[in-house]
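Visitor: So that we are looking at the same thing, I have put the structure below in structure tokens.
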Amino acid sequence: MTSYDLGGRAALVTGGARGLGAGMAQALTEAGAAVAIADIDADGGATMVEKLRAQGSRAEFVSLDVTDDGAWERAVATTVGALGGLDIVVNNAGVEVTSLLVDLDPDQARTMLDVNLLGTALGIKHAFRAMRPGGAAGRGGAVVNIASVAATIAFPGISVYSATKSGIDRLTRVAAAESGKLGYGVRVNSIYPALTPTAMGNKLAVDCAELGLFPSPEAAAQAVAELTPLGRLGQVDDMADAVVFLASDAAKFITGAGLPVDGGMGM
């Protein structure tokens, strides 16, 4: 008998103020979890917390720059104190800067590496420290990292972003191996979301058109849909449902896995 019930569990979602992160936080609370919205956007985070509380869910905002080790330590401590533990960490925060390789800006590349790759690595670090035996929460749990279909396909204009998301795949697998070997009791998995019409996804379509890769943003989105066997773009709830699954006991014997949620685009 499997269960998607997350009642009694506490989750932290990075980049939870908007976009995919907000949808994932919503889905986790609907499954019964208490959720910490971790973000640099205090206003957006507060708005999301108010929305979740109005729905009867338990939610808190924690300020977090995912590239800052000390900020992670404080955010996890605040979450454990406010929610009574930590069982689920969703490393969702990410940035994407569209650029042809011939025009690569080193500072923009470093930002993507810092937020997407280092931010995820630090999230795993502090999840392990809190969830492992003797940690502040100490009851094991689940980490879900958000990679991208960009880790599995070659799409023009997103070279460094693709590289960071490929790196998240490797981080996930090594982290799962370390957790198992050292008896942390923490499962670590990732999902590969498809292009989704959030603010980030829409901006990518616009940027690709501006670079001359497609005649218009609509053409860019259509090209992605045509590459997808299921024939459409992803939706936020598609990604959120996959996160709930991997965080739940329905996935209790799954670790080190990467779950494509891309309509078949990356197969």
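Just so we're on the same page: first chain in the structure tokens is A, next is B, and so on; residues restart at 1 for each chain, and ligands are numbered from 1 in the order they show up.
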Please run DSSP on the backbone and report, as a PDB file with N, CA and C atoms, in the first residue's frame, all residues within region 174-258 of chain A that come out as strand (DSSP E).
Guide:
ATOM      1  N   VAL A 186      18.343   9.615   4.114  1.00  0.00           N
ATOM      2  CA  VAL A 186      17.791  10.657   3.240  1.00  0.00           C
ATOM      3  C   VAL A 186      17.847  10.171   1.796  1.00  0.00           C
ATOM      4  N   ARG A 187      16.690  10.104   1.155  1.00  0.00           N
ATOM      5  CA  ARG A 187      16.655   9.787  -0.262  1.00  0.00           C
ATOM      6  C   ARG A 187      16.886  11.058  -1.069  1.00  0.00           C
ATOM      7  N   VAL A 188      17.613  10.957  -2.175  1.00  0.00           N
ATOM      8  CA  VAL A 188      17.915  12.129  -3.007  1.00  0.00           C
ATOM      9  C   VAL A 188      17.571  11.801  -4.452  1.00  0.00           C
ATOM     10  N   ASN A 189      16.661  12.556  -5.017  1.00  0.00           N
ATOM     11  CA  ASN A 189      16.241  12.359  -6.401  1.00  0.00           C
ATOM     12  C   ASN A 189      16.110  13.709  -7.100  1.00  0.00           C
ATOM     13  N   SER A 190      15.918  13.668  -8.394  1.00  0.00           N
ATOM     14  CA  SER A 190      15.711  14.908  -9.138  1.00  0.00           C
ATOM     15  C   SER A 190      14.616  14.705 -10.172  1.00  0.00           C
ATOM     16  N   ILE A 191      14.068  15.813 -10.636  1.00  0.00           N
ATOM     17  CA  ILE A 191      13.165  15.768 -11.781  1.00  0.00           C
ATOM     18  C   ILE A 191      13.743  16.633 -12.894  1.00  0.00           C
ATOM     19  N   TYR A 192      13.365  16.296 -14.137  1.00  0.00           N
ATOM     20  CA  TYR A 192      13.773  17.078 -15.304  1.00  0.00           C
ATOM     21  C   TYR A 192      12.524  17.720 -15.900  1.00  0.00           C
ATOM     22  N   PRO A 193      12.168  18.920 -15.466  1.00  0.00           N
ATOM     23  CA  PRO A 193      10.963  19.557 -15.999  1.00  0.00           C
ATOM     24  C   PRO A 193      11.114  19.949 -17.469  1.00  0.00           C
ATOM     25  N   GLY A 258      16.649  10.219 -11.651  1.00  0.00           N
ATOM     26  CA  GLY A 258      16.229  11.428 -12.328  1.00  0.00           C
ATOM     27  C   GLY A 258      14.942  11.141 -13.080  1.00  0.00           C
TER      28      GLY A 258
END
Visitor: Listing only residues of region 120-212 of chain A within 12 Å of region 9-26 of chain A, what is the closest atom pair and its distance in Å (to one decimal) for each, using only C-alpha atoms, sorted by chain and residue number ascending, as JSON lines?
Guide:
{"residue": "A:Thr120", "atom": "CA", "partner": "A:Thr14", "partner_atom": "CA", "distance": 9.4}
{"residue": "A:Leu122", "atom": "CA", "partner": "A:Thr14", "partner_atom": "CA", "distance": 11.5}
{"residue": "A:Gly123", "atom": "CA", "partner": "A:Thr14", "partner_atom": "CA", "distance": 8.8}
{"residue": "A:Ile124", "atom": "CA", "partner": "A:Leu12", "partner_atom": "CA", "distance": 11.7}
{"residue": "A:His126", "atom": "CA", "partner": "A:Leu12", "partner_atom": "CA", "distance": 11.3}
{"residue": "A:Ala127", "atom": "CA", "partner": "A:Leu12", "partner_atom": "CA", "distance": 9.4}
{"residue": "A:Ala130", "atom": "CA", "partner": "A:Leu12", "partner_atom": "CA", "distance": 11.9}
{"residue": "A:Met131", "atom": "CA", "partner": "A:Ala10", "partner_atom": "CA", "distance": 11.1}
{"residue": "A:Ala137", "atom": "CA", "partner": "A:Ala10", "partner_atom": "CA", "distance": 9.8}
{"residue": "A:Arg139", "atom": "CA", "partner": "A:Arg9", "partner_atom": "CA", "distance": 10.4}
{"residue": "A:Gly140", "atom": "CA", "partner": "A:Arg9", "partner_atom": "CA", "distance": 11.0}
{"residue": "A:Gly141", "atom": "CA", "partner": "A:Arg9", "partner_atom": "CA", "distance": 9.1}
{"residue": "A:Ala142", "atom": "CA", "partner": "A:Ala11", "partner_atom": "CA", "distance": 9.3}
{"residue": "A:Val143", "atom": "CA", "partner": "A:Ala11", "partner_atom": "CA", "distance": 9.5}
{"residue": "A:Val144", "atom": "CA", "partner": "A:Val13", "partner_atom": "CA", "distance": 9.5}
{"residue": "A:Asn145", "atom": "CA", "partner": "A:Thr14", "partner_atom": "CA", "distance": 10.1}
{"residue": "A:Ile146", "atom": "CA", "partner": "A:Leu20", "partner_atom": "CA", "distance": 9.6}
{"residue": "A:Ala147", "atom": "CA", "partner": "A:Leu20", "partner_atom": "CA", "distance": 12.0}
{"residue": "A:Ser148", "atom": "CA", "partner": "A:Leu20", "partner_atom": "CA", "distance": 11.9}
{"residue": "A:Pro193", "atom": "CA", "partner": "A:Leu20", "partner_atom": "CA", "distance": 9.5}
{"residue": "A:Ala194", "atom": "CA", "partner": "A:Leu20", "partner_atom": "CA", "distance": 11.2}
{"residue": "A:Leu195", "atom": "CA", "partner": "A:Leu20", "partner_atom": "CA", "distance": 10.9}
{"residue": "A:Thr196", "atom": "CA", "partner": "A:Leu20", "partner_atom": "CA", "distance": 8.5}
{"residue": "A:Pro197", "atom": "CA", "partner": "A:Gly19", "partner_atom": "CA", "distance": 8.9}
{"residue": "A:Thr198", "atom": "CA", "partner": "A:Gly19", "partner_atom": "CA", "distance": 5.5}
{"residue": "A:Ala199", "atom": "CA", "partner": "A:Gly19", "partner_atom": "CA", "distance": 6.9}
{"residue": "A:Met200", "atom": "CA", "partner": "A:Gly19", "partner_atom": "CA", "distance": 7.8}
{"residue": "A:Gly201", "atom": "CA", "partner": "A:Gly19", "partner_atom": "CA", "distance": 9.4}
{"residue": "A:Asn202", "atom": "CA", "partner": "A:Gly19", "partner_atom": "CA", "distance": 11.1}
Visitor: Just how far from CA of Thr164 (chain A) is CA of Gln108 (chain A), in Å to one decimal?
Guide: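 Result for CA of Gln108 (chain A) versus CA of Thr164 (chain A): 12.5 Å, one decimal.
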Visitor: Rank nothing, just name the residue among A:Gly7, A:Pro215, A:Gly264, A:Gly231 nearest to Ile88 (chain A), using only C-alpha atoms.
Guide: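 So, comparing all the options, the nearest one is A:Gly7.
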Visitor: Excluding Met48 (chain A) and any residue of its chain fewer than 2 positions from it, enumerate the residues within 10 Å of it, using only C-alpha atoms, and give them as a VMD selection string.
Guide: chain A and resid 16 to 18 22 25 to 26 37 42 to 46 50 to 54 59 to 61
Visitor: Which residue, A:Ala219, A:Val244, A:Ala151, A:Leu182, has the smallest gap to Asp262 (chain A) when you use only C-alpha atoms?
Guide: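 Checking each candidate against Asp262 (chain A), we get A:Ala151 as the closest.
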Visitor: To one decimal place in Å, what is the distance between CA of Ala242 (chain A) and CA of Glu30 (chain A)?
Guide: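 Atom-to-atom, CA of Ala242 (chain A) to CA of Glu30 (chain A), that is 13.6 Å.
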Visitor: Which value, in Å to one decimal, gives the distance between CA of Ser179 (chain A) and CA of Gly138 (chain A)?
Guide: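 Between CA of Ser179 (chain A) and CA of Gly138 (chain A) the gap is 13.1 Å.
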Visitor: Of the residues A:Ala121, A:Asp105, A:Tyr184, A:Ile158, which is the one nearest to Gly134 (chain A), using only C-alpha atoms?
Guide: A:Tyr184
